[in-house]
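Participant: Contents of data_34.csv (CSV, C-alpha atoms):
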```csv
chain,number,residue,atom,x,y,z
A,36,MET,CA,46.3,94.2,-95.7
A,37,ARG,CA,47.9,95.8,-92.7
A,38,LEU,CA,47.1,99.5,-93.0
A,39,SER,CA,45.8,100.3,-89.5
A,40,LEU,CA,46.0,99.1,-85.9
A,41,GLY,CA,42.5,97.6,-86.4
A,42,ASP,CA,43.9,95.4,-89.1
A,43,TYR,CA,46.5,94.0,-86.7
A,44,ALA,CA,43.8,93.5,-84.1
A,45,ARG,CA,41.7,91.4,-86.5
A,46,LEU,CA,44.7,89.3,-87.6
A,47,ALA,CA,45.8,88.8,-84.0
A,48,ARG,CA,42.4,87.5,-83.0
A,49,GLU,CA,42.6,84.9,-85.8
A,50,ARG,CA,46.1,83.7,-84.6
A,51,LEU,CA,45.7,83.6,-80.9
A,52,ASP,CA,43.8,80.9,-79.0
A,53,GLN,CA,40.5,82.2,-77.7
A,54,PRO,CA,41.4,82.1,-74.0
A,55,VAL,CA,44.6,84.0,-74.7
A,56,TRP,CA,42.8,86.6,-76.8
A,57,ASP,CA,40.3,87.0,-74.0
A,58,PHE,CA,43.1,87.4,-71.4
A,59,PHE,CA,44.7,90.2,-73.5
A,60,GLU,CA,41.5,91.9,-74.6
A,61,GLY,CA,39.0,91.4,-71.8
A,62,GLY,CA,38.0,93.9,-69.2
A,63,ALA,CA,36.3,93.8,-65.8
A,64,GLY,CA,32.6,93.2,-65.2
A,65,GLU,CA,30.4,94.1,-68.2
A,66,GLU,CA,33.4,95.8,-69.8
A,67,ARG,CA,31.8,99.3,-69.8
A,68,THR,CA,35.0,101.0,-69.0
A,69,LEU,CA,36.9,98.9,-71.5
A,70,ARG,CA,34.5,100.2,-74.2
A,71,ALA,CA,34.5,103.7,-72.9
A,72,ASN,CA,38.2,104.1,-73.4
A,73,THR,CA,38.0,103.9,-77.2
A,74,ALA,CA,34.6,105.5,-77.3
A,75,ALA,CA,36.0,108.6,-75.6
A,76,PHE,CA,38.5,109.1,-78.5
A,77,ASP,CA,35.7,108.4,-81.0
A,78,ARG,CA,33.8,111.4,-79.7
A,79,ILE,CA,36.7,113.8,-80.1
A,80,ARG,CA,36.8,116.1,-83.2
A,81,LEU,CA,39.9,117.8,-84.3
A,82,ARG,CA,39.6,121.4,-85.5
A,83,PRO,CA,42.2,122.0,-88.2
A,84,SER,CA,43.9,125.3,-89.0
A,85,VAL,CA,44.5,125.7,-92.7
A,86,LEU,CA,47.2,127.5,-94.8
A,87,THR,CA,49.8,127.0,-92.0
A,88,GLY,CA,52.6,125.8,-94.2
A,89,VAL,CA,53.3,122.9,-91.9
A,90,THR,CA,55.1,120.2,-94.0
A,91,GLY,CA,57.4,118.3,-91.5
A,92,PRO,CA,56.0,118.5,-88.0
A,93,GLU,CA,58.4,118.1,-85.1
A,94,LEU,CA,57.5,115.0,-83.0
A,95,ARG,CA,60.0,115.3,-80.2
A,96,THR,CA,58.9,116.1,-76.7
A,97,LYS,CA,60.6,116.2,-73.3
A,98,ILE,CA,59.5,113.7,-70.6
A,99,LEU,CA,61.2,113.6,-67.2
A,100,GLY,CA,64.1,115.6,-68.5
A,101,ARG,CA,64.7,113.1,-71.4
A,102,THR,CA,63.8,114.0,-75.0
A,103,TRP,CA,61.6,111.4,-76.6
A,104,SER,CA,61.5,111.1,-80.4
A,105,VAL,CA,57.7,111.0,-80.3
A,106,PRO,CA,55.1,111.5,-77.5
A,107,LEU,CA,54.6,107.8,-77.3
A,108,ALA,CA,55.8,104.9,-75.2
A,109,VAL,CA,54.8,101.2,-74.9
A,110,ALA,CA,52.6,100.5,-71.9
A,111,PRO,CA,53.4,97.6,-69.5
A,112,THR,CA,51.6,94.4,-70.5
A,113,GLY,CA,52.5,91.2,-68.7
A,114,TYR,CA,53.2,87.8,-70.1
A,115,GLN,CA,54.0,89.0,-73.7
A,116,THR,CA,55.4,85.5,-74.4
A,117,LEU,CA,51.8,84.4,-74.7
A,118,ALA,CA,51.7,86.4,-77.9
A,119,HIS,CA,55.1,85.4,-79.3
A,120,PRO,CA,58.0,83.4,-77.9
A,121,GLU,CA,60.3,86.4,-78.0
A,122,GLY,CA,57.8,88.5,-76.1
A,123,GLU,CA,59.3,91.6,-74.6
A,124,LEU,CA,62.7,91.1,-76.3
A,125,ALA,CA,60.9,91.6,-79.7
A,126,THR,CA,59.0,94.6,-78.3
A,127,VAL,CA,62.1,96.3,-77.0
A,128,ARG,CA,64.1,95.7,-80.2
A,129,ALA,CA,61.3,97.1,-82.3
A,130,ALA,CA,60.8,100.2,-80.2
A,131,GLY,CA,64.5,101.1,-80.0
A,132,PRO,CA,65.1,102.4,-83.6
A,133,ARG,CA,61.9,104.5,-83.4
A,134,GLY,CA,63.0,106.1,-80.1
A,135,VAL,CA,59.9,104.8,-78.4
A,136,PRO,CA,60.5,104.0,-74.6
A,137,VAL,CA,59.1,100.8,-73.2
A,138,VAL,CA,57.6,100.3,-69.8
A,139,VAL,CA,58.5,96.8,-68.9
A,140,SER,CA,56.0,94.8,-66.8
A,141,MET,CA,56.9,93.3,-63.5
A,142,PHE,CA,55.5,90.1,-65.1
A,143,ALA,CA,57.7,90.2,-68.2
A,144,GLY,CA,58.7,86.9,-69.7
A,145,HIS,CA,62.3,88.0,-70.0
A,146,SER,CA,64.8,89.2,-67.4
A,147,ILE,CA,65.4,92.9,-66.7
A,148,GLU,CA,69.0,92.4,-67.6
A,149,SER,CA,68.3,90.7,-71.0
A,150,LEU,CA,66.0,93.5,-72.0
A,151,ALA,CA,68.4,96.2,-71.0
A,152,ALA,CA,71.1,94.4,-73.2
A,153,VAL,CA,69.0,94.9,-76.4
A,154,ALA,CA,67.4,98.3,-75.6
A,155,THR,CA,68.4,101.4,-77.6
A,156,ALA,CA,65.5,103.6,-76.2
A,157,PRO,CA,64.7,104.3,-72.6
A,158,LEU,CA,63.3,101.5,-70.4
A,159,TRP,CA,61.1,102.0,-67.3
A,160,LEU,CA,60.1,99.3,-64.9
A,161,GLN,CA,56.5,98.8,-63.8
A,162,ILE,CA,55.9,97.2,-60.4
A,163,TYR,CA,53.2,96.2,-58.0
A,164,CYS,CA,54.2,96.6,-54.4
A,165,LEU,CA,53.9,93.1,-53.0
A,166,ARG,CA,53.3,91.9,-49.5
A,167,ASP,CA,56.9,90.9,-49.6
A,168,ARG,CA,58.6,94.3,-49.8
A,169,ALA,CA,62.0,92.6,-50.2
A,170,THR,CA,61.0,91.2,-53.6
A,171,THR,CA,59.8,94.5,-54.8
A,172,ARG,CA,63.0,96.2,-53.5
A,173,GLN,CA,65.2,93.7,-55.3
A,174,LEU,CA,63.4,94.3,-58.6
A,175,VAL,CA,63.8,98.1,-58.2
A,176,GLU,CA,67.5,97.7,-57.4
A,177,ARG,CA,68.0,95.4,-60.5
A,178,ALA,CA,66.3,97.9,-62.7
A,179,GLU,CA,68.5,100.7,-61.4
A,180,ARG,CA,71.7,98.7,-62.0
A,181,ALA,CA,70.4,97.9,-65.5
A,182,ARG,CA,70.1,101.6,-66.2
A,183,PHE,CA,66.3,101.7,-66.4
A,184,GLU,CA,65.2,105.4,-66.2
A,185,ALA,CA,62.1,105.3,-64.0
A,186,ILE,CA,59.9,103.2,-61.7
A,187,VAL,CA,56.2,103.0,-62.5
A,188,LEU,CA,54.1,101.9,-59.5
A,189,THR,CA,50.7,100.6,-60.4
A,190,VAL,CA,48.3,101.9,-57.7
A,191,ASP,CA,44.8,100.8,-58.8
A,192,THR,CA,45.2,97.1,-58.0
A,193,PRO,CA,44.8,96.0,-54.4
A,194,HIS,CA,43.5,92.8,-56.2
A,195,LEU,CA,42.7,92.0,-59.8
A,196,GLY,CA,39.3,93.2,-61.1
A,197,ARG,CA,36.6,90.7,-61.8
A,198,ARG,CA,37.4,89.7,-65.3
A,199,LEU,CA,34.6,87.5,-66.5
A,200,ARG,CA,36.2,86.3,-69.7
A,201,ASP,CA,39.0,84.7,-67.7
A,202,LEU,CA,36.6,83.3,-65.1
A,203,ARG,CA,34.5,81.7,-67.8
A,204,ASN,CA,37.6,80.3,-69.6
A,205,GLY,CA,39.1,79.1,-66.3
A,206,PHE,CA,42.2,80.8,-67.7
A,207,ARG,CA,45.7,79.5,-66.7
A,208,LEU,CA,49.1,80.3,-68.0
A,209,PRO,CA,50.7,77.4,-70.0
A,210,PRO,CA,53.7,75.8,-68.3
A,211,ASP,CA,56.2,77.5,-70.6
A,212,VAL,CA,54.9,81.0,-69.8
A,213,GLY,CA,55.7,82.9,-66.5
A,214,PRO,CA,57.4,85.9,-65.0
A,215,ALA,CA,61.2,85.7,-65.6
A,216,ASN,CA,61.9,88.2,-62.8
A,217,LEU,CA,59.9,86.6,-60.0
A,218,HIS,CA,60.2,83.2,-58.4
A,219,GLY,CA,57.7,81.1,-56.6
A,220,ASP,CA,54.4,79.2,-57.2
A,221,GLY,CA,51.0,80.1,-58.3
A,222,PHE,CA,51.8,82.2,-61.3
A,223,ASP,CA,49.7,79.9,-63.6
A,224,ASN,CA,46.6,81.6,-62.1
A,225,PRO,CA,47.2,85.3,-62.4
A,226,ALA,CA,44.1,86.3,-60.3
A,227,GLY,CA,44.9,83.8,-57.6
A,228,HIS,CA,48.5,84.9,-57.4
A,229,ALA,CA,47.5,88.6,-57.2
A,230,LEU,CA,45.1,87.8,-54.3
A,231,ALA,CA,47.9,86.0,-52.4
A,232,GLN,CA,50.8,88.4,-53.2
A,233,PHE,CA,49.4,91.9,-53.8
A,234,ASP,CA,49.2,94.2,-50.7
A,235,PRO,CA,45.6,95.3,-50.3
A,236,ALA,CA,46.6,97.6,-47.4
A,237,LEU,CA,48.9,99.7,-49.5
A,238,ASN,CA,48.6,103.4,-48.8
A,239,TRP,CA,50.4,106.7,-49.6
A,240,ASP,CA,53.3,105.6,-47.3
A,241,VAL,CA,54.5,103.5,-50.3
A,242,VAL,CA,55.8,106.6,-52.1
A,243,PRO,CA,58.4,107.7,-49.5
A,244,TRP,CA,59.3,104.0,-49.0
A,245,LEU,CA,60.0,103.8,-52.8
A,246,ARG,CA,61.9,107.1,-52.6
A,247,SER,CA,64.1,105.7,-49.9
A,248,ILE,CA,65.2,102.7,-52.0
A,249,THR,CA,65.8,104.3,-55.4
A,250,ARG,CA,67.2,107.5,-57.0
A,251,LEU,CA,65.0,106.9,-60.1
A,252,PRO,CA,62.0,109.0,-60.9
A,253,ILE,CA,58.7,107.6,-59.5
A,254,VAL,CA,55.6,107.5,-61.6
A,255,LEU,CA,52.2,106.4,-60.3
A,256,LYS,CA,49.9,104.5,-62.8
A,257,GLY,CA,46.2,104.4,-62.2
A,258,ILE,CA,45.2,107.9,-61.2
A,259,LEU,CA,41.8,109.1,-62.3
A,260,THR,CA,40.8,112.0,-59.9
A,261,ALA,CA,41.9,115.4,-58.9
A,262,ALA,CA,42.1,114.4,-55.3
A,263,ASP,CA,44.5,111.6,-55.9
A,264,SER,CA,46.5,113.7,-58.3
A,265,GLU,CA,46.9,116.3,-55.5
A,266,ARG,CA,48.0,113.7,-53.1
A,267,ALA,CA,50.5,112.3,-55.6
A,268,VAL,CA,52.0,115.8,-56.1
A,269,SER,CA,52.2,116.3,-52.3
A,270,ALA,CA,53.9,112.9,-52.0
A,271,GLY,CA,56.5,114.1,-54.4
A,272,VAL,CA,56.0,111.8,-57.4
A,273,ASP,CA,57.7,112.7,-60.7
A,274,GLY,CA,54.8,111.6,-62.9
A,275,ILE,CA,51.3,110.3,-63.1
A,276,ILE,CA,49.8,108.0,-65.7
A,277,VAL,CA,46.1,108.6,-66.1
A,278,SER,CA,44.8,105.1,-66.4
A,279,ASN,CA,41.9,102.8,-65.6
A,280,HIS,CA,44.1,99.7,-66.2
A,281,GLY,CA,42.7,99.2,-69.7
A,282,GLY,CA,39.2,98.8,-68.3
A,283,ARG,CA,40.4,95.7,-66.3
A,284,GLN,CA,39.9,96.9,-62.7
A,285,LEU,CA,36.8,98.9,-61.7
A,286,ASP,CA,34.0,98.5,-64.3
A,287,GLY,CA,32.2,101.8,-64.5
A,288,ALA,CA,35.3,104.0,-63.9
A,289,PRO,CA,35.7,106.9,-66.3
A,290,ALA,CA,37.6,106.6,-69.6
A,291,SER,CA,41.1,107.7,-69.2
A,292,LEU,CA,40.6,110.5,-71.7
A,293,GLU,CA,37.5,111.7,-69.8
A,294,ALA,CA,39.5,111.8,-66.5
A,295,LEU,CA,42.5,113.6,-68.1
A,296,PRO,CA,41.4,117.2,-67.9
A,297,GLU,CA,40.6,116.9,-64.2
A,298,VAL,CA,44.0,115.4,-63.5
A,299,VAL,CA,45.9,118.0,-65.6
A,300,ALA,CA,44.1,120.9,-63.8
A,301,ALA,CA,44.9,119.4,-60.4
A,302,VAL,CA,48.6,118.8,-61.2
A,303,ALA,CA,49.0,122.3,-62.6
A,304,GLY,CA,52.3,121.5,-64.2
A,305,ALA,CA,53.9,120.1,-61.0
A,306,CYS,CA,54.7,116.7,-62.6
A,307,THR,CA,54.6,114.8,-65.9
A,308,VAL,CA,51.1,113.6,-66.9
A,309,LEU,CA,50.8,110.6,-69.2
A,310,LEU,CA,47.8,108.7,-70.4
A,311,ASP,CA,47.0,105.1,-71.4
A,312,GLY,CA,43.8,103.4,-72.5
A,313,GLY,CA,42.0,103.5,-75.8
A,314,VAL,CA,44.7,104.9,-78.1
A,315,ARG,CA,44.2,103.3,-81.5
A,316,ARG,CA,45.2,106.0,-84.0
A,317,GLY,CA,47.8,108.7,-84.5
A,318,ALA,CA,44.9,111.2,-84.2
A,319,ASP,CA,44.3,109.9,-80.7
A,320,VAL,CA,47.9,110.7,-79.7
A,321,LEU,CA,47.3,114.3,-80.9
A,322,ALA,CA,43.9,114.5,-79.1
A,323,ALA,CA,45.5,113.4,-75.9
A,324,ARG,CA,48.2,116.0,-76.2
A,325,ALA,CA,45.7,118.7,-76.8
A,326,THR,CA,43.7,117.5,-73.8
A,327,GLY,CA,46.8,117.9,-71.6
A,328,ALA,CA,48.8,114.7,-71.7
A,329,ASP,CA,52.5,115.0,-72.2
A,330,ALA,CA,52.6,111.7,-74.0
A,331,VAL,CA,50.6,108.5,-74.3
A,332,LEU,CA,51.3,104.8,-73.7
A,333,LEU,CA,50.2,102.1,-76.2
A,334,GLY,CA,49.1,98.7,-74.8
A,335,ARG,CA,47.0,96.1,-76.6
A,336,PRO,CA,48.0,97.1,-80.2
A,337,VAL,CA,51.6,96.2,-79.3
A,338,LEU,CA,50.4,92.8,-78.4
A,339,HIS,CA,48.5,92.5,-81.6
A,340,GLY,CA,51.6,93.3,-83.7
A,341,LEU,CA,53.6,90.9,-81.6
A,342,ALA,CA,51.1,88.1,-82.2
A,343,VAL,CA,50.9,88.7,-85.9
A,344,ASP,CA,54.6,89.1,-86.8
A,345,GLY,CA,56.8,89.3,-83.8
A,346,GLU,CA,59.4,92.1,-83.8
A,347,ASP,CA,58.4,93.2,-87.3
A,348,GLY,CA,54.7,93.3,-86.3
A,349,VAL,CA,55.5,95.6,-83.3
A,350,ALA,CA,57.7,97.8,-85.5
A,351,ARG,CA,54.9,98.1,-88.1
A,352,VAL,CA,52.3,99.0,-85.4
A,353,LEU,CA,54.5,101.7,-84.0
A,354,ASP,CA,55.3,103.0,-87.5
A,355,LEU,CA,51.6,103.1,-88.4
A,356,LEU,CA,50.8,105.2,-85.3
A,357,ILE,CA,53.7,107.6,-85.9
A,358,GLU,CA,52.8,108.0,-89.6
A,359,GLU,CA,49.2,108.7,-88.6
A,360,LEU,CA,50.3,111.2,-86.1
A,361,VAL,CA,52.4,113.1,-88.7
A,362,ASP,CA,49.4,113.0,-91.0
A,363,ALA,CA,47.1,114.4,-88.3
A,364,MET,CA,49.5,117.1,-87.3
A,365,THR,CA,50.1,118.2,-91.0
A,366,LEU,CA,46.4,118.3,-91.7
A,367,THR,CA,45.6,120.2,-88.6
A,368,GLY,CA,48.5,122.7,-89.0
A,369,ILE,CA,50.3,121.6,-85.8
A,370,ALA,CA,54.0,122.2,-86.2
A,371,SER,CA,55.2,120.6,-83.0
A,372,ALA,CA,54.0,117.8,-80.7
A,373,ALA,CA,55.4,119.7,-77.8
A,374,ALA,CA,53.0,122.6,-78.4
A,375,VAL,CA,49.5,121.4,-79.2
A,376,PRO,CA,46.8,124.0,-78.3
A,377,PRO,CA,43.8,122.8,-76.3
A,378,GLU,CA,41.5,124.5,-78.8
A,379,LEU,CA,42.5,121.8,-81.3
A,380,VAL,CA,39.9,119.4,-79.9
A,381,ARG,CA,36.2,119.5,-79.3
A,382,PRO,CA,33.9,116.7,-78.3
A,383,ALA,CA,31.4,115.6,-80.9
A,384,ARG,CA,27.9,116.7,-80.4
A,385,PRO,CA,25.6,113.8,-79.5
A,386,ARG,CA,23.0,113.0,-82.1
A,387,VAL,CA,19.6,113.9,-80.7
A,388,THR,CA,16.8,111.6,-81.7
A,389,SER,CA,13.2,112.6,-81.0
A,390,PRO,CA,11.2,110.4,-78.6
A,391,GLU,CA,8.7,109.6,-81.4
A,392,ALA,CA,11.6,108.3,-83.6
A,393,ILE,CA,12.5,105.6,-81.0
A,394,GLY,CA,8.9,104.7,-80.1
A,395,HIS,CA,8.7,106.8,-76.8
A,396,THR,CA,5.9,109.2,-76.1
A,397,ASP,CA,6.5,110.0,-72.5
```
In structure tokens, what does this structure look like?
Facilitator:
Amino acid sequence: MRLSLGDYARLARERLDQPVWDFFEGGAGEERTLRANTAAFDRIRLRPSVLTGVTGPELRTKILGRTWSVPLAVAPTGYQTLAHPEGELATVRAAGPRGVPVVVSMFAGHSIESLAAVATAPLWLQIYCLRDRATTRQLVERAERARFEAIVLTVDTPHLGRRLRDLRNGFRLPPDVGPANLHGDGFDNPAGHALAQFDPALNWDVVPWLRSITRLPIVLKGILTAADSERAVSAGVDGIIVSNHGGRQLDGAPASLEALPEVVAAVAGACTVLLDGGVRRGADVLAARATGADAVLLGRPVLHGLAVDGEDGVARVLDLLIEELVDAMTLTGIASAAAVPPELVRPARPRVTSPEAIGHTD
């Protein structure tokens, strides 16, 4: 049965080859940060308000001046054609009727223009700033012509993190999978390509450079601290995505949800704040809203739905999350996703075990 995002994850694991599953699911190092992302949501407790009369909660919220149908978007995940031949085309088609925006990866398996042609909800383009700025500029210009609505610059990746699953598997992309919007050699080895093409000397000067080549809003993905949030606001960005790259970069970095309050306080309403990493339930969306995020981005579960049943699988994953969000809002007495009080959430108290119970006496 397919009644939760966890069900789709289990089915996807059965259908994908092990190296592909590991490429999608793996994190950096010992995967402490990968596990921390979901564990942070597991520790959250929702504090319901009863007898509120809430029957049909309002899900709409405003992001960068655009009203979203639900405080949810699809996170950028590259090489979706590894999961299903239609890849991002299926994802964009599934998201559209639900009013869910899609952040398209720079490493998408379908062209910017083909995705724009089937989109009925907003599209944003995620980019890395390459050593070859001309290539990055061309992608941004194509996105603007295709009426994408924002540029998302990933800023936590001077090189790819040390992803042990991929190293052990000697992971390479198959010949029929590659980035449709980029040209050149070396894409079969994602880590090697990143080492050769990503700009490790990138600094805050990239923001005014991006501003000089596009009129679109600029969102920085990969912020985890107050200091970087303040620099981002000073640089004039339109939004921040609190993200540790799905646990795939610095192992030992905080969970995205753990970093969120610090970022929200530092930004103080000066720009949009989104979150990705660890969202697996509708209640997680509500918890992130209560903790200060304007909306969340959903990553791996979309790939699971895609692997299981293509466009229909992605549609069902999004529907499940939205249904769970409505359920959580109704049962907690929250009438609007745009107005979720911070007192709705409280961290679970850790269970205290006596030293004697675990065999310690010192």
Participant: Can you tell me which residues surround range 191-205 of chain A at a distance of at most 7 Å, considering all atoms listed in the file, apart from same-chain residues fewer than 6 positions away, and format the answer as a compact mmCIF listing (two decimals) with C-alpha atoms, in the frame of the given file?
Facilitator:
```
# COMPACT_ATOMS: atom_id res chain seq x y z
CA PRO A 54 41.40 82.10 -74.00
CA ASP A 57 40.30 87.00 -74.00
CA PHE A 58 43.10 87.40 -71.40
CA GLY A 61 39.00 91.40 -71.80
CA GLY A 62 38.00 93.90 -69.20
CA ALA A 63 36.30 93.80 -65.80
CA GLY A 64 32.60 93.20 -65.20
CA ALA A 226 44.10 86.30 -60.30
CA ALA A 229 47.50 88.60 -57.20
CA LEU A 230 45.10 87.80 -54.30
CA PHE A 233 49.40 91.90 -53.80
CA ASP A 234 49.20 94.20 -50.70
CA PRO A 235 45.60 95.30 -50.30
CA GLY A 257 46.20 104.40 -62.20
CA ARG A 283 40.40 95.70 -66.30
CA GLN A 284 39.90 96.90 -62.70
CA LEU A 285 36.80 98.90 -61.70
```
Participant: One decimal, in Å: what's the spacing between CA of Trp239 in chain A and CA of Asp263 in chain A?
Facilitator: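 Going from CA of Trp239 in chain A over to CA of Asp263 in chain A covers 9.9 Å.
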Participant: Please determine, counting all atoms listed in the file, which residue among A:Arg324, A:Arg50, A:Arg172, A:Arg182 has the shortest atom-to-atom distance to Met364 in chain A.
Facilitator: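 Under the stated criterion, the closest residue is A:Arg324.
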Participant: If we count all atoms listed in the file and set the cut-off at 8 Å, which residues sit around range 343-353 of chain A, ignoring sequence neighbours fewer than 3 positions away in its own chain? Please answer as number ranges by chain.
Facilitator: A: 39-40, 43, 46-47, 50, 119, 121-122, 125-126, 128-130, 133, 336-340, 356-357
Participant: Go through A:Ala261, A:Val138, A:Leu107, A:Leu150 and flag the residue nearest Ala323 in chain A, using all atoms listed in the file for the distances.
Facilitator: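 Closest to Ala323 in chain A, using all atoms listed in the file: A:Leu107.
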Participant: Could you build a table of the residues in range 185-229 of chain A lying no more than 12 Å from range 245-250 of chain A, giving for each the nearest pair of atoms and their separation in Å rounded to one decimal place, using only C-alpha atoms, ordered by chain and ascending residue number, as a tab-separated table?
Facilitator:
```
residue	atom	partner	partner_atom	distance
A:Ala185	CA	A:Arg250	CA	8.9
A:Ile186	CA	A:Thr249	CA	8.7
A:Val187	CA	A:Leu245	CA	10.4
A:Leu188	CA	A:Leu245	CA	9.1
```
Participant: Counting all atoms listed in the file, find the residues whose atoms lie at most 7 Å from (47.9, 84.5, -77.2) (file coordinates) and write them out as a list of chain:residue names.
Facilitator: A:Leu51, A:Asp52, A:Val55, A:Trp56, A:Leu117, A:Ala118, A:Ala342
Participant: Skipping near chain neighbours, those fewer than 2 positions away, what residues fall within 9 Å of Leu295 in chain A using all atoms listed in the file, listed as a ChimeraX atom specification?
Facilitator: /A:259-260,277-278,290-293,297-300,308-310,323,326-328
Participant: Just checking: using only C-alpha atoms, which residue out of A:Ile253, A:Leu174, A:Ile98, A:Val190 ends up closest to Pro157 in chain A?
Facilitator: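 Looking at the shortest contact to Pro157 in chain A, the residue is A:Ile98.
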Participant: Measure the distance from CA of Leu366 in chain A to CA of Arg80 in chain A in Å and round it to one decimal.
Facilitator: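 Answer for the CA of Leu366 in chain A to CA of Arg80 in chain A separation: 13.0 Å.
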Participant: Need to verify the contact set: range 68-75 of chain A, 6 Å, all atoms listed in the file, exclusion of same-chain residues closer than 3 positions in sequence. Can you return it as a PyMOL selection string?
Facilitator: chain A and resi 62+78+282+286-288+290+312-313
Participant: Applying 12 Å and only C-alpha atoms, which residues near Phe222 in chain A remain after dropping the ones on its own chain fewer than 2 positions away? List them as a VMD selection string.
Facilitator: chain A and resid 113 to 114 142 144 206 to 220 224 to 232
Participant: What is the CA of Met141 in chain A to CA of Ile275 in chain A distance in Å?
Facilitator: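 Result for CA of Met141 in chain A versus CA of Ile275 in chain A: 17.9 Å, one decimal.
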Participant: Which one of A:Asp273, A:Asp311, A:Glu378, A:Asp223 sits closest to Glu184 in chain A if you count all atoms listed in the file?
Facilitator: A:Asp273
Participant: Give as a PyMOL selection string the set of residues within 9 Å of the point (35.5, 114.9, -79.3), where distances use the file's coordinates and all atoms listed in the file.
Facilitator: chain A and resi 75-81+322+380-384
Participant: Mind dumping the selected residues with C-alpha atoms as a compact mmCIF listing (two decimals), in the frame of the given file?
Facilitator:
```txt
# COMPACT_ATOMS: atom_id res chain seq x y z
CA ALA A 75 36.00 108.60 -75.60
CA PHE A 76 38.50 109.10 -78.50
CA ASP A 77 35.70 108.40 -81.00
CA ARG A 78 33.80 111.40 -79.70
CA ILE A 79 36.70 113.80 -80.10
CA ARG A 80 36.80 116.10 -83.20
CA LEU A 81 39.90 117.80 -84.30
CA ALA A 322 43.90 114.50 -79.10
CA VAL A 380 39.90 119.40 -79.90
CA ARG A 381 36.20 119.50 -79.30
CA PRO A 382 33.90 116.70 -78.30
CA ALA A 383 31.40 115.60 -80.90
CA ARG A 384 27.90 116.70 -80.40
```
Participant: Check the smallest atom-to-atom distance from each of A:Arg180, A:Ile162, A:Gly317, A:Ala169 to Asp354 in chain A using all atoms listed in the file, then report the winner.
Facilitator: A:Gly317
Participant: As an mmCIF file, in the frame of the given file, could you write out range 121-134 of chain A once it has been completed with N, CA and C atoms?
Facilitator:
```
data_model
loop_
_atom_site.group_PDB
_atom_site.id
_atom_site.type_symbol
_atom_site.label_atom_id
_atom_site.label_comp_id
_atom_site.auth_asym_id
_atom_site.auth_seq_id
_atom_site.Cartn_x
_atom_site.Cartn_y
_atom_site.Cartn_z
ATOM 1 N N GLU A 121 59.329 85.406 -78.342
ATOM 2 C CA GLU A 121 60.300 86.400 -78.000
ATOM 3 C C GLU A 121 59.755 87.505 -77.087
ATOM 4 N N GLY A 122 58.452 87.627 -77.029
ATOM 5 C CA GLY A 122 57.800 88.500 -76.100
ATOM 6 C C GLY A 122 58.442 89.911 -76.031
ATOM 7 N N GLU A 123 58.805 90.310 -74.807
ATOM 8 C CA GLU A 123 59.300 91.600 -74.600
ATOM 9 C C GLU A 123 60.645 91.916 -75.299
ATOM 10 N N LEU A 124 61.429 90.884 -75.567
ATOM 11 C CA LEU A 124 62.700 91.100 -76.300
ATOM 12 C C LEU A 124 62.347 91.667 -77.700
ATOM 13 N N ALA A 125 61.333 91.097 -78.367
ATOM 14 C CA ALA A 125 60.900 91.600 -79.700
ATOM 15 C C ALA A 125 60.379 93.027 -79.564
ATOM 16 N N THR A 126 59.585 93.285 -78.522
ATOM 17 C CA THR A 126 59.000 94.600 -78.300
ATOM 18 C C THR A 126 60.092 95.667 -78.126
ATOM 19 N N VAL A 127 61.056 95.370 -77.267
ATOM 20 C CA VAL A 127 62.100 96.300 -77.000
ATOM 21 C C VAL A 127 62.994 96.565 -78.211
ATOM 22 N N ARG A 128 63.283 95.500 -78.945
ATOM 23 C CA ARG A 128 64.100 95.700 -80.200
ATOM 24 C C ARG A 128 63.360 96.496 -81.208
ATOM 25 N N ALA A 129 62.050 96.301 -81.343
ATOM 26 C CA ALA A 129 61.300 97.100 -82.300
ATOM 27 C C ALA A 129 61.166 98.527 -81.941
ATOM 28 N N ALA A 130 61.022 98.799 -80.655
ATOM 29 C CA ALA A 130 60.800 100.200 -80.200
ATOM 30 C C ALA A 130 62.075 101.014 -80.289
ATOM 31 N N GLY A 131 63.232 100.401 -80.108
ATOM 32 C CA GLY A 131 64.500 101.100 -80.000
ATOM 33 C C GLY A 131 64.775 102.041 -81.195
ATOM 34 N N PRO A 132 64.797 101.533 -82.450
ATOM 35 C CA PRO A 132 65.100 102.400 -83.600
ATOM 36 C C PRO A 132 64.152 103.544 -83.792
ATOM 37 N N ARG A 133 62.960 103.436 -83.224
ATOM 38 C CA ARG A 133 61.900 104.500 -83.400
ATOM 39 C C ARG A 133 61.987 105.468 -82.201
ATOM 40 N N GLY A 134 62.902 105.230 -81.281
ATOM 41 C CA GLY A 134 63.000 106.100 -80.100
ATOM 42 C C GLY A 134 61.853 106.059 -79.195
#
```
